[in-house]
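Student: Input structure: input11.txt, which contains compact mmCIF, C-alpha atoms.
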```txt
# COMPACT_ATOMS: atom_id res chain seq x y z
CA MET A 137 0.00 0.00 0.00
CA SER A 138 1.44 3.42 -0.90
CA THR A 139 2.05 5.89 1.89
CA GLY A 140 -0.54 8.18 0.32
CA LEU A 141 -3.18 5.49 0.40
CA ALA A 142 -2.20 4.57 3.92
CA VAL A 143 -2.61 8.18 4.98
CA ALA A 144 -5.96 8.42 3.25
CA LYS A 145 -7.14 5.32 5.04
CA LYS A 146 -5.89 6.54 8.37
CA SER A 147 -8.92 7.09 10.51
CA VAL A 148 -9.66 10.16 12.55
CA SER A 149 -9.59 7.98 15.64
CA THR A 150 -5.97 6.91 14.91
CA ALA A 151 -4.87 10.54 14.72
CA GLY A 152 -6.94 11.23 17.83
CA THR A 153 -5.17 8.39 19.65
CA ASP A 154 -1.81 9.83 18.54
CA LEU A 155 -2.84 13.12 20.07
CA LEU A 156 -3.70 11.40 23.35
CA ARG A 157 -0.33 9.60 23.35
CA ILE A 158 1.49 12.88 22.73
CA VAL A 159 -0.31 14.43 25.68
CA ARG A 160 0.85 11.53 27.88
CA ILE A 161 4.43 11.85 26.62
CA ASN A 162 4.31 15.55 27.41
CA GLU A 163 3.12 14.85 30.96
CA GLU A 164 6.00 12.37 31.42
CA ILE A 165 8.50 14.94 30.10
CA LYS A 166 7.17 17.52 32.57
CA LEU A 167 7.78 15.00 35.34
CA VAL A 168 11.38 14.39 34.21
CA VAL A 169 12.03 18.15 33.98
CA SER A 170 10.84 18.71 37.54
CA VAL A 171 12.96 15.81 38.81
CA ALA A 172 16.01 17.08 36.91
CA PHE A 173 15.56 20.41 38.68
CA LYS A 174 15.51 18.57 42.00
CA ILE A 175 18.87 16.90 41.15
CA ASN A 176 20.35 20.31 40.46
CA ILE A 177 19.44 21.58 43.94
CA MET A 178 20.57 18.34 45.56
CA ALA A 179 23.90 18.48 43.70
CA LEU A 180 24.44 22.04 44.89
CA ASN A 181 23.86 20.96 48.51
CA ALA A 182 26.15 17.97 48.00
CA ILE A 183 28.92 20.28 46.74
CA PHE A 184 28.69 22.36 49.95
CA LEU A 185 28.66 19.18 52.05
CA ALA A 186 31.75 17.88 50.24
CA LYS A 187 33.53 21.18 50.84
CA ARG A 188 32.79 20.92 54.55
CA ALA A 189 34.08 17.35 54.58
CA GLY A 190 37.35 18.58 53.06
CA THR A 191 39.92 16.22 51.53
CA ALA A 192 38.02 13.10 52.61
CA ALA A 193 35.20 13.96 50.19
CA LEU A 194 37.16 15.33 47.24
CA GLY A 195 35.96 12.54 44.90
CA PHE A 196 32.38 13.01 46.10
CA GLY A 197 32.66 16.73 45.34
CA VAL A 198 33.82 16.07 41.79
CA LEU A 199 30.91 13.65 41.26
CA SER A 200 28.43 16.13 42.71
CA ASN A 201 29.66 18.72 40.23
CA GLU A 202 29.23 16.20 37.42
CA LEU A 203 25.69 15.41 38.62
CA ARG A 204 24.88 19.09 38.53
CA VAL A 205 26.11 19.32 34.93
CA PHE A 206 24.10 16.15 34.20
CA SER A 207 20.89 17.73 35.53
CA GLN A 208 21.45 20.83 33.38
CA ASP A 209 22.15 18.71 30.27
CA LEU A 210 19.08 16.63 31.00
CA ARG A 211 16.94 19.74 31.19
CA THR A 212 18.29 20.94 27.84
CA CYS A 213 17.57 17.52 26.39
CA MET A 214 14.02 17.58 27.78
CA GLN A 215 13.55 21.05 26.30
CA THR A 216 14.39 19.60 22.86
CA LEU A 217 11.89 16.80 23.48
CA THR A 218 9.24 19.32 24.55
CA GLU A 219 9.77 21.30 21.34
CA LEU A 220 9.46 18.12 19.28
CA ILE A 221 6.29 17.24 21.16
CA HIS A 222 4.79 20.66 20.44
CA THR A 223 5.63 20.26 16.75
CA SER A 224 4.05 16.79 16.85
CA VAL A 225 0.81 18.24 18.26
CA GLY A 226 0.73 20.65 15.29
CA GLU A 227 1.40 17.84 12.83
CA VAL A 228 -1.27 15.57 14.30
CA SER A 229 -3.75 18.46 14.11
CA VAL A 230 -2.93 18.86 10.42
CA THR A 231 -3.43 15.10 9.96
CA LEU A 232 -6.84 15.32 11.62
CA LYS A 233 -7.80 18.18 9.31
CA ASN A 234 -6.47 16.35 6.24
CA VAL A 235 -8.30 13.14 7.11
CA ARG A 236 -11.58 15.07 7.21
CA ARG A 237 -10.88 16.98 4.00
CA THR A 238 -9.88 13.78 2.20
CA ARG A 239 -13.03 12.01 3.36
CA LEU A 240 -15.23 14.86 2.10
CA LEU A 241 -13.37 15.16 -1.20
CA ARG A 242 -13.65 11.40 -1.72
CA ALA A 243 -17.41 11.67 -1.14
CA ALA A 244 -17.52 14.50 -3.71
CA VAL A 245 -15.68 12.29 -6.25
CA ARG A 246 -18.18 9.48 -5.63
CA MET A 247 -21.10 11.83 -6.21
CA ALA A 248 -19.58 13.71 -9.16
CA PRO A 249 -17.08 11.33 -10.80
CA ASN A 250 -16.45 13.49 -13.87
CA SER A 251 -15.87 16.73 -12.01
CA PRO A 252 -12.60 18.42 -11.01
CA ALA A 253 -13.06 16.76 -7.62
CA ALA A 254 -10.86 13.82 -8.72
CA ALA A 255 -7.96 16.15 -9.50
CA ALA A 256 -8.41 17.99 -6.20
CA LEU A 257 -8.49 14.64 -4.37
CA ALA A 258 -5.26 13.56 -6.11
CA ARG A 259 -3.61 16.83 -5.05
CA ARG A 260 -4.89 16.40 -1.51
CA GLU A 261 -3.56 12.81 -1.38
CA ALA A 262 -0.15 13.95 -2.65
CA GLU A 263 -0.08 16.59 0.08
CA ASN A 264 -1.14 13.98 2.63
CA GLU A 265 1.70 11.75 1.50
CA ALA A 266 4.25 14.57 1.82
CA HIS A 267 2.87 15.39 5.24
CA GLU A 268 3.04 11.77 6.35
CA ILE A 269 6.73 11.60 5.33
CA GLN A 270 7.37 14.75 7.35
CA PHE A 271 5.48 13.28 10.30
CA GLN A 272 7.48 10.03 10.17
CA SER A 273 10.70 12.05 10.17
CA LEU A 274 9.46 13.86 13.26
CA ARG A 275 8.80 10.53 14.99
CA LYS A 276 12.37 9.49 14.17
CA GLN A 277 13.73 12.75 15.60
CA LEU A 278 11.69 12.17 18.73
CA LYS A 279 12.99 8.62 19.00
CA ARG A 280 16.59 9.84 18.59
CA ALA A 281 16.12 12.57 21.21
CA LEU A 282 14.70 9.98 23.61
CA GLU A 283 17.68 7.70 22.99
CA ASP A 284 20.04 10.62 23.69
CA ALA A 285 18.19 11.33 26.93
CA PHE A 286 18.39 7.67 27.86
CA GLN A 287 22.15 7.55 27.26
CA MET A 288 22.50 10.62 29.42
CA VAL A 289 20.54 8.97 32.22
CA GLU A 290 22.78 5.89 31.97
CA LEU A 291 25.71 8.21 32.64
CA GLY A 292 23.76 9.82 35.49
CA GLY A 293 23.22 6.35 36.97
CA VAL A 294 26.96 5.63 36.84
CA LEU A 295 27.71 8.99 38.50
CA ALA A 296 25.17 8.33 41.27
CA LYS A 297 26.59 4.85 41.93
CA SER A 298 30.17 6.20 41.98
CA ALA A 299 29.01 8.88 44.42
CA LYS A 300 27.72 6.08 46.68
CA ILE A 301 31.19 4.47 46.65
CA GLU A 302 32.93 7.81 47.25
CA ALA A 303 30.59 8.47 50.19
CA ALA A 304 32.12 5.51 52.01
CA TYR A 305 35.43 7.41 52.15
CA GLY A 306 33.85 10.42 53.75
CA GLN A 307 35.02 9.54 57.29
CA SER A 308 32.83 11.43 59.79
CA PHE A 309 30.68 12.71 56.89
CA ALA A 310 30.20 9.22 55.46
CA GLY A 311 26.66 8.86 56.78
CA ALA A 312 25.45 12.19 55.40
CA LEU A 313 27.20 11.63 52.05
CA ALA A 314 25.71 8.11 51.78
CA GLN A 315 22.24 9.53 52.33
CA VAL A 316 22.72 12.16 49.60
CA SER A 317 24.21 9.67 47.13
CA GLY A 318 21.35 7.24 47.84
CA GLU A 319 18.85 9.99 47.02
CA PHE A 320 20.75 10.73 43.78
CA ASP A 321 20.52 7.09 42.81
CA GLY A 322 16.80 6.92 43.59
CA ILE A 323 16.04 10.00 41.51
CA VAL A 324 18.09 8.85 38.53
CA GLU A 325 16.20 5.53 38.67
CA GLU A 326 12.93 7.48 38.66
CA ILE A 327 14.05 9.35 35.52
CA ARG A 328 15.18 6.11 33.89
CA SER A 329 11.79 4.55 34.52
CA SER A 330 9.99 7.60 33.00
CA LEU A 331 12.22 7.50 29.93
CA GLU A 332 11.69 3.74 29.58
CA SER A 333 7.95 4.29 29.46
CA LEU A 334 8.43 7.08 26.87
CA ARG A 335 10.55 4.75 24.73
CA ARG A 336 7.78 2.14 24.83
CA SER A 337 5.08 4.65 23.83
CA THR A 338 3.29 3.45 20.70
CA PHE A 339 3.52 6.96 19.28
CA VAL A 340 7.33 6.65 19.23
CA THR A 341 7.54 3.00 18.21
CA ALA A 342 4.85 3.14 15.49
CA ARG A 343 6.10 2.80 11.94
CA MET B 206 -27.70 14.52 -3.23
CA LYS B 207 -28.97 18.06 -3.53
CA LYS B 208 -31.16 19.31 -6.38
CA THR B 209 -30.49 22.37 -8.47
CA GLU B 210 -33.18 24.68 -9.78
CA THR B 211 -32.53 27.61 -12.05
CA ILE B 212 -34.68 30.33 -10.56
CA TYR B 213 -33.65 33.10 -12.96
CA GLN B 214 -31.99 33.20 -16.36
CA ASP B 215 -31.33 35.97 -18.81
CA GLY B 216 -28.76 34.85 -21.36
CA ALA B 217 -25.51 34.06 -19.58
CA HIS B 218 -26.77 35.61 -16.33
CA LYS B 219 -28.51 33.16 -14.06
CA TRP B 220 -29.31 32.21 -10.48
CA VAL B 221 -29.28 28.56 -9.48
CA ALA B 222 -30.70 27.38 -6.16
CA ILE B 223 -29.02 24.31 -4.64
CA ILE B 224 -31.57 22.78 -2.33
CA ARG B 225 -33.07 19.87 -0.38
CA ASP B 226 -30.59 17.09 0.28
CA GLN B 227 -32.65 13.94 0.88
CA GLU B 228 -29.60 12.00 2.10
CA LYS B 229 -28.49 14.62 4.60
CA PRO B 230 -28.36 13.27 8.19
CA GLY B 231 -31.20 14.65 10.29
CA TYR B 232 -28.86 16.23 12.83
CA LEU B 233 -27.60 18.76 10.27
CA VAL B 234 -29.74 21.81 9.54
CA ASP B 235 -30.96 21.97 5.95
CA THR B 236 -29.50 24.84 3.95
CA ASN B 237 -29.97 26.48 0.57
CA GLU B 238 -26.97 27.57 -1.44
CA TYR B 239 -27.25 29.90 -4.41
CA LEU B 240 -24.99 30.15 -7.41
CA VAL B 241 -24.95 33.40 -9.38
CA VAL B 242 -23.44 32.94 -12.83
CA ASN B 243 -22.51 35.65 -15.29
CA GLY B 244 -20.78 34.29 -18.37
CA LYS B 245 -17.87 32.16 -17.31
CA GLN B 246 -17.70 33.44 -13.75
CA GLY B 247 -19.63 32.20 -10.76
CA LEU B 248 -20.26 33.47 -7.24
CA LEU B 249 -21.48 31.00 -4.63
CA LEU B 250 -23.64 32.46 -1.86
CA ASP B 251 -23.32 30.90 1.61
CA PRO B 252 -21.43 27.82 0.36
CA GLY B 253 -22.54 25.73 3.36
CA GLY B 254 -21.05 23.56 6.03
CA ALA B 255 -18.13 21.16 5.52
CA GLU B 256 -20.28 18.07 6.07
CA ILE B 257 -22.63 18.91 3.20
CA PHE B 258 -19.79 19.92 0.86
CA PRO B 259 -19.94 16.69 -1.24
CA ALA B 260 -23.67 17.15 -1.88
CA VAL B 261 -23.35 20.86 -2.74
CA PHE B 262 -20.29 20.26 -4.86
CA SER B 263 -21.81 17.47 -6.92
CA ALA B 264 -25.02 19.43 -7.50
CA LEU B 265 -23.11 22.56 -8.46
CA SER B 266 -20.67 20.76 -10.75
CA ALA B 267 -23.61 19.42 -12.76
CA GLU B 268 -24.41 23.05 -13.62
CA PHE B 269 -21.08 24.83 -13.56
CA ASP B 270 -17.33 24.22 -13.54
CA PRO B 271 -16.47 24.56 -9.83
CA SER B 272 -12.92 25.63 -10.64
CA ALA B 273 -14.43 28.70 -12.34
CA LEU B 274 -15.93 29.95 -9.08
CA THR B 275 -14.29 33.31 -8.63
CA ALA B 276 -15.63 33.98 -5.17
CA VAL B 277 -17.96 33.02 -2.40
CA PHE B 278 -20.16 35.42 -0.50
CA ALA B 279 -20.70 34.60 3.17
CA SER B 280 -23.62 36.42 4.75
CA HIS B 281 -22.06 35.88 8.17
CA GLN B 282 -19.71 33.64 10.13
CA ASP B 283 -21.76 30.61 11.15
CA PRO B 284 -20.47 27.08 10.43
CA ASP B 285 -23.50 26.16 8.29
CA ILE B 286 -22.63 29.22 6.16
CA CYS B 287 -18.98 28.73 5.34
CA SER B 288 -17.18 25.94 7.21
CA SER B 289 -16.68 24.29 3.78
CA LEU B 290 -14.46 27.17 2.67
CA ALA B 291 -11.19 25.18 2.83
CA LEU B 292 -12.66 22.52 0.56
CA TRP B 293 -13.76 25.05 -2.08
CA LEU B 294 -10.29 26.55 -1.95
CA GLU B 295 -8.87 23.12 -2.87
CA PHE B 296 -10.34 23.69 -6.34
CA ASN B 297 -9.37 27.26 -6.75
CA PRO B 298 -6.86 28.61 -4.23
CA ALA B 299 -7.21 32.05 -5.83
CA MET B 300 -10.93 32.17 -4.99
CA ARG B 301 -12.01 35.11 -2.83
CA CYS B 302 -14.44 35.22 0.06
CA TYR B 303 -16.57 38.32 0.65
CA ILE B 304 -17.53 38.68 4.29
CA SER B 305 -18.12 41.42 6.85
CA TRP B 306 -14.86 42.99 8.03
CA LEU B 307 -15.93 41.93 11.50
CA TRP B 308 -15.27 38.26 10.69
CA GLU B 309 -12.16 38.69 8.58
CA SER B 310 -9.86 37.23 11.21
CA PHE B 311 -12.32 34.63 12.51
CA ILE B 312 -13.23 32.85 9.28
CA PRO B 313 -9.61 31.82 8.49
CA HIS B 314 -10.17 29.18 11.21
CA PHE B 315 -12.33 27.47 8.56
CA GLY B 316 -9.72 27.96 5.81
CA GLY B 317 -8.10 30.54 3.56
CA ASP B 318 -5.32 33.02 4.22
CA ALA B 319 -4.73 36.77 4.18
CA GLU B 320 -5.27 36.87 0.42
CA THR B 321 -8.59 35.02 0.50
CA PHE B 322 -10.80 37.55 2.24
CA VAL B 323 -12.41 40.68 0.89
CA PRO B 324 -13.75 42.54 3.94
CA ILE B 325 -17.10 44.24 3.43
CA PRO B 326 -17.37 47.59 5.27
CA ASP B 327 -20.41 48.14 7.51
CA GLU B 328 -22.18 50.29 4.90
CA GLY B 329 -21.95 47.52 2.28
CA MET B 330 -20.23 47.52 -1.09
CA ASP B 331 -20.65 46.85 -4.79
CA ILE B 332 -19.39 43.52 -6.07
CA SER B 333 -18.83 42.94 -9.75
CA LEU B 334 -19.28 39.47 -11.19
CA ASN B 335 -17.79 39.60 -14.68
CA GLY B 336 -19.33 43.05 -15.05
CA LEU B 337 -22.64 42.20 -13.38
CA PRO B 338 -23.23 44.70 -10.56
CA LEU B 339 -24.24 43.14 -7.25
CA ARG B 340 -24.71 44.95 -3.96
CA ALA B 341 -23.83 43.73 -0.46
CA VAL B 342 -26.73 45.12 1.62
CA PRO B 343 -26.23 45.63 5.39
CA ALA B 344 -28.32 43.35 7.61
CA HIS B 345 -26.36 43.70 10.84
CA TYR B 346 -27.74 41.94 13.92
CA LEU B 347 -30.03 39.86 11.67
CA HIS B 348 -28.88 37.66 13.17
CA SER B 349 -25.12 38.17 13.23
CA SER B 350 -23.50 41.41 14.37
CA GLY B 351 -21.70 41.61 11.01
CA ASN B 352 -24.25 40.45 8.45
CA PHE B 353 -24.87 41.15 4.77
CA HIS B 354 -27.42 40.21 2.13
CA LEU B 355 -26.78 40.32 -1.61
CA TYR B 356 -28.95 42.19 -4.09
CA ASP B 357 -28.94 41.63 -7.82
CA LYS B 358 -30.69 44.63 -9.35
CA GLN B 359 -30.92 43.11 -12.82
CA ALA B 360 -32.43 39.83 -11.65
CA LYS B 361 -34.42 41.61 -8.90
CA ILE B 362 -33.32 38.97 -6.44
CA LEU B 363 -32.33 39.55 -2.83
CA PHE B 364 -30.36 36.79 -1.14
CA SER B 365 -31.44 37.30 2.46
CA GLY B 366 -29.36 34.85 4.50
CA ASP B 367 -31.22 33.88 7.66
CA VAL B 368 -33.92 36.53 7.19
CA GLY B 369 -36.96 34.78 5.73
CA ALA B 370 -35.63 31.40 6.84
CA ALA B 371 -38.11 28.72 7.78
CA LEU B 372 -37.49 25.34 9.39
CA LEU B 373 -39.80 23.27 7.24
CA PRO B 374 -41.25 19.95 8.38
CA PRO B 375 -39.91 16.78 6.75
CA GLY B 376 -41.52 16.20 3.37
CA ASP B 377 -42.14 19.87 2.62
CA GLU B 378 -40.13 20.08 -0.59
CA ASN B 379 -41.55 23.25 -2.13
CA LEU B 380 -38.92 25.51 -3.61
CA PHE B 381 -41.23 28.51 -3.44
CA VAL B 382 -43.61 29.62 -0.71
CA GLU B 383 -47.03 28.41 -1.86
CA LYS B 384 -49.30 29.47 1.01
CA PHE B 385 -47.81 32.39 2.89
CA ASP B 386 -49.96 32.05 6.01
CA THR B 387 -49.12 28.38 6.43
CA HIS B 388 -45.46 28.85 5.61
CA ILE B 389 -44.84 31.77 7.93
CA ARG B 390 -45.69 29.60 10.95
CA TYR B 391 -42.45 27.69 10.28
CA ALA B 392 -40.55 30.98 10.14
CA GLU B 393 -41.98 32.69 13.22
CA GLY B 394 -40.15 30.86 16.03
CA PHE B 395 -36.90 31.09 14.12
CA HIS B 396 -37.15 34.85 13.64
CA ARG B 397 -38.31 35.59 17.18
CA ARG B 398 -35.35 33.70 18.63
CA TRP B 399 -32.56 34.30 16.15
CA MET B 400 -33.09 37.95 15.27
CA GLY B 401 -31.68 40.00 18.11
CA SER B 402 -32.71 43.61 17.51
CA ASN B 403 -36.04 45.26 16.73
CA ASP B 404 -34.22 48.45 15.70
CA ALA B 405 -32.00 46.57 13.27
CA LYS B 406 -35.02 44.73 11.92
CA ARG B 407 -36.89 48.00 11.33
CA ARG B 408 -33.92 49.52 9.49
CA TRP B 409 -33.62 46.43 7.30
CA CYS B 410 -37.34 46.47 6.46
CA GLU B 411 -37.13 50.15 5.47
CA ARG B 412 -33.98 49.54 3.43
CA VAL B 413 -35.21 46.55 1.44
CA SER B 414 -38.67 48.06 0.91
CA GLN B 415 -36.93 50.55 -1.36
CA LEU B 416 -35.48 47.78 -3.52
CA ASP B 417 -37.29 46.27 -6.48
CA ILE B 418 -37.44 42.59 -5.47
CA ASP B 419 -39.09 39.71 -7.34
CA MET B 420 -37.58 36.97 -5.21
CA LEU B 421 -36.34 36.92 -1.62
CA CYS B 422 -34.08 33.92 -1.19
CA PRO B 423 -33.29 32.75 2.35
CA GLN B 424 -30.61 30.29 3.40
CA HIS B 425 -33.16 27.89 4.95
CA GLY B 426 -36.62 27.01 3.69
CA ALA B 427 -38.59 28.24 0.68
CA ILE B 428 -38.16 31.29 -1.58
CA TYR B 429 -40.64 34.19 -1.38
CA ARG B 430 -41.70 35.56 -4.75
CA GLY B 431 -44.06 38.15 -6.15
CA ALA B 432 -46.42 39.64 -3.61
CA ASP B 433 -45.12 37.32 -0.89
CA VAL B 434 -41.91 39.36 -0.78
CA GLN B 435 -43.64 42.51 0.49
CA ARG B 436 -45.95 40.35 2.59
CA PHE B 437 -42.92 38.90 4.32
CA ILE B 438 -41.30 42.31 4.86
CA ASN B 439 -44.53 43.64 6.43
CA TRP B 440 -44.87 40.54 8.62
CA PHE B 441 -41.26 40.82 9.77
CA ASP B 442 -41.68 44.53 10.47
CA GLU B 443 -44.54 43.76 12.84
CA LEU B 444 -42.83 40.86 14.59
CA GLN B 445 -41.30 41.43 18.02
CA VAL B 446 -37.89 39.78 18.08
CA GLY B 447 -35.10 39.20 20.61
CA ILE B 448 -37.42 38.86 23.57
CA ILE B 449 -36.55 35.55 25.18
CA GLN B 450 -37.50 35.69 28.86
CA TYR B 451 -34.65 33.79 30.53
```
Spell out the structure here as structure tokens.
Tutor:
Amino acid sequence: MSTGLAVAKKSVSTAGTDLLRIVRINEEIKLVVSVAFKINIMALNAIFLAKRAGTAALGFGVLSNELRVFSQDLRTCMQTLTELIHTSVGEVSVTLKNVRRTRLLRAAVRMAPNSPAAAALARREAENEAHEIQFQSLRKQLKRALEDAFQMVELGGVLAKSAKIEAAYGQSFAGALAQVSGEFDGIVEEIRSSLESLRRSTFVTAR
Amino acid sequence: MKKTETIYQDGAHKWVAIIRDQEKPGYLVDTNEYLVVNGKQGLLLDPGGAEIFPAVFSALSAEFDPSALTAVFASHQDPDICSSLALWLEFNPAMRCYISWLWESFIPHFGGDAETFVPIPDEGMDISLNGLPLRAVPAHYLHSSGNFHLYDKQAKILFSGDVGAALLPPGDENLFVEKFDTHIRYAEGFHRRWMGSNDAKRRWCERVSQLDIDMLCPQHGAIYRGADVQRFINWFDELQVGIIQY
């Protein structure tokens, strides 16, 4: 089946479901953004704590700095995802409009087969096809951006686990550092779980 | 599918009414569309809602090449008037839409761009269809706050939008009003509720009484002709409108 035909056959409910999925993705992104902000504050506190601990927590301090950079990078990455999501909402809206126009033009062709409706329908289908290609490319961009975010979170996970190890060398501050590094690890896991669910979203995986 | 009836013809100048879609779902209000043709150019009056586009299009294309429509005239902004605009533009992206200036930035939600719209000033304007003079006649607040009717002096036809409209019972297929007293009962509730201003109504009645009109063509229901035109204007003049009690 040609892409054009596939687009023409795409029901309004499919596009509507896409819209619903996008809304869910957006909600998940908002969650990740707020958690990333939390890491930033926590990392800042951890840097002060490491400074107080002095030489015993030098490694922990370096890792806290890295976690702070990670939270900022993650926010930038989520901003890219948010922009892609907003573009996707626009594209799905165009699809919804096109599906309706195509349906009505097809009905006009059925009722007036020898009229210019057939030519207008052909033009509409060509435009639908071009739009579908654009839409698929957007899905791919979204998928790539999600993969980038996921890689970043993998790194964040490694940093959090290393911070846990470094905390053990914190002498009298070991308890406090262990608590902070444990919280880092928990939050990174939370982000990983959100991103996993985004990666599984049918909107992203659909061909 | 809708029917077409030529209600006026003088050489290459004609008016075609596009009416009564038997297959239209009951939840959609029935509408009349009118095509004014002069030579090779056509002007479609109140082109209708998107859902009835296939029926209007097929009926119209039996009479006229739809890609030769130079413009549409929208009496006001309602969806049953012009939500099909984007679909008509698929045939002729250069087509223009005449509408009150008040709705110029609202109607693009149905379709079209900055080039599509020709805003009609409050006092009305002359519109030329391949040299045929037509006049956009103010009918503000009847029922829309920016509302126009279209007068063809040569054909002596006034397209009156929602003024004169009647919600006819199923099976009443008459193109023209046959018995005024019976017909007007189907128009009364509509006019009392939809027309919002007695002052505006009085001004309209005075204005159109000065026009030479053989046919008054509403967007819903049957066409008034001959003596029924003045009968309608007198009836409307007497009617108290915009008086819902809630």
Student: Given the point (-19.4, 25.8, 4.4) in the coordinates of this file, which residues lie within 12 Å, counting only C-alpha atoms, and how would they look as an NGL selection string?
Tutor: (:A and (240)) or (:B and (236-238 or 249-262 or 277-294 or 302 or 312 or 314-316))
Student: Leaving out Leu291 of chain A and any residue of its chain fewer than 2 positions from it, which residues lie within 12 Å of it when counting only C-alpha atoms, given as a VMD selection string?
Tutor: chain A and resid 199 202 to 203 205 to 207 209 to 210 284 to 289 293 to 298 321 324 to 325 328
Student: Measuring between all atoms listed in the file, which one of B:Arg225, B:Tyr232, B:Lys219, B:Ser266 shows the shortest distance to chain A?
Tutor: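 Closest candidate: B:Ser266.
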Student: Could you give me, as a tab-separated table (two decimals) with C-alpha atoms, in the coordinates of the input, the residues within 12 Å of segment 214-227 of chain A, counting all atoms listed in the file and dropping anything in the same chain fewer than 6 positions from it?
Tutor:
```
chain	number	residue	atom	x	y	z
A	151	ALA	CA	-4.87	10.54	14.72
A	152	GLY	CA	-6.94	11.23	17.83
A	153	THR	CA	-5.17	8.39	19.65
A	154	ASP	CA	-1.81	9.83	18.54
A	155	LEU	CA	-2.84	13.12	20.07
A	156	LEU	CA	-3.70	11.40	23.35
A	157	ARG	CA	-0.33	9.60	23.35
A	158	ILE	CA	1.49	12.88	22.73
A	159	VAL	CA	-0.31	14.43	25.68
A	160	ARG	CA	0.85	11.53	27.88
A	161	ILE	CA	4.43	11.85	26.62
A	162	ASN	CA	4.31	15.55	27.41
A	163	GLU	CA	3.12	14.85	30.96
A	164	GLU	CA	6.00	12.37	31.42
A	165	ILE	CA	8.50	14.94	30.10
A	166	LYS	CA	7.17	17.52	32.57
A	167	LEU	CA	7.78	15.00	35.34
A	168	VAL	CA	11.38	14.39	34.21
A	169	VAL	CA	12.03	18.15	33.98
A	170	SER	CA	10.84	18.71	37.54
A	171	VAL	CA	12.96	15.81	38.81
A	172	ALA	CA	16.01	17.08	36.91
A	173	PHE	CA	15.56	20.41	38.68
A	207	SER	CA	20.89	17.73	35.53
A	208	GLN	CA	21.45	20.83	33.38
A	233	LYS	CA	-7.80	18.18	9.31
A	234	ASN	CA	-6.47	16.35	6.24
A	264	ASN	CA	-1.14	13.98	2.63
A	266	ALA	CA	4.25	14.57	1.82
A	267	HIS	CA	2.87	15.39	5.24
A	268	GLU	CA	3.04	11.77	6.35
A	269	ILE	CA	6.73	11.60	5.33
A	270	GLN	CA	7.37	14.75	7.35
A	271	PHE	CA	5.48	13.28	10.30
A	272	GLN	CA	7.48	10.03	10.17
A	273	SER	CA	10.70	12.05	10.17
A	274	LEU	CA	9.46	13.86	13.26
A	275	ARG	CA	8.80	10.53	14.99
A	276	LYS	CA	12.37	9.49	14.17
A	277	GLN	CA	13.73	12.75	15.60
A	278	LEU	CA	11.69	12.17	18.73
A	279	LYS	CA	12.99	8.62	19.00
A	280	ARG	CA	16.59	9.84	18.59
A	281	ALA	CA	16.12	12.57	21.21
A	282	LEU	CA	14.70	9.98	23.61
A	283	GLU	CA	17.68	7.70	22.99
A	284	ASP	CA	20.04	10.62	23.69
A	285	ALA	CA	18.19	11.33	26.93
A	286	PHE	CA	18.39	7.67	27.86
A	288	MET	CA	22.50	10.62	29.42
A	289	VAL	CA	20.54	8.97	32.22
A	327	ILE	CA	14.05	9.35	35.52
A	330	SER	CA	9.99	7.60	33.00
A	331	LEU	CA	12.22	7.50	29.93
A	334	LEU	CA	8.43	7.08	26.87
A	339	PHE	CA	3.52	6.96	19.28
A	340	VAL	CA	7.33	6.65	19.23
```
Student: Nearest to Ser305 of chain B: which of B:Leu421, B:Ala344, B:Leu337, B:Ala264 is it, counting all atoms listed in the file?
Tutor: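 Checking each of B:Leu421, B:Ala344, B:Leu337, B:Ala264 against Ser305 of chain B, counting all atoms listed in the file, the winner is B:Ala344.
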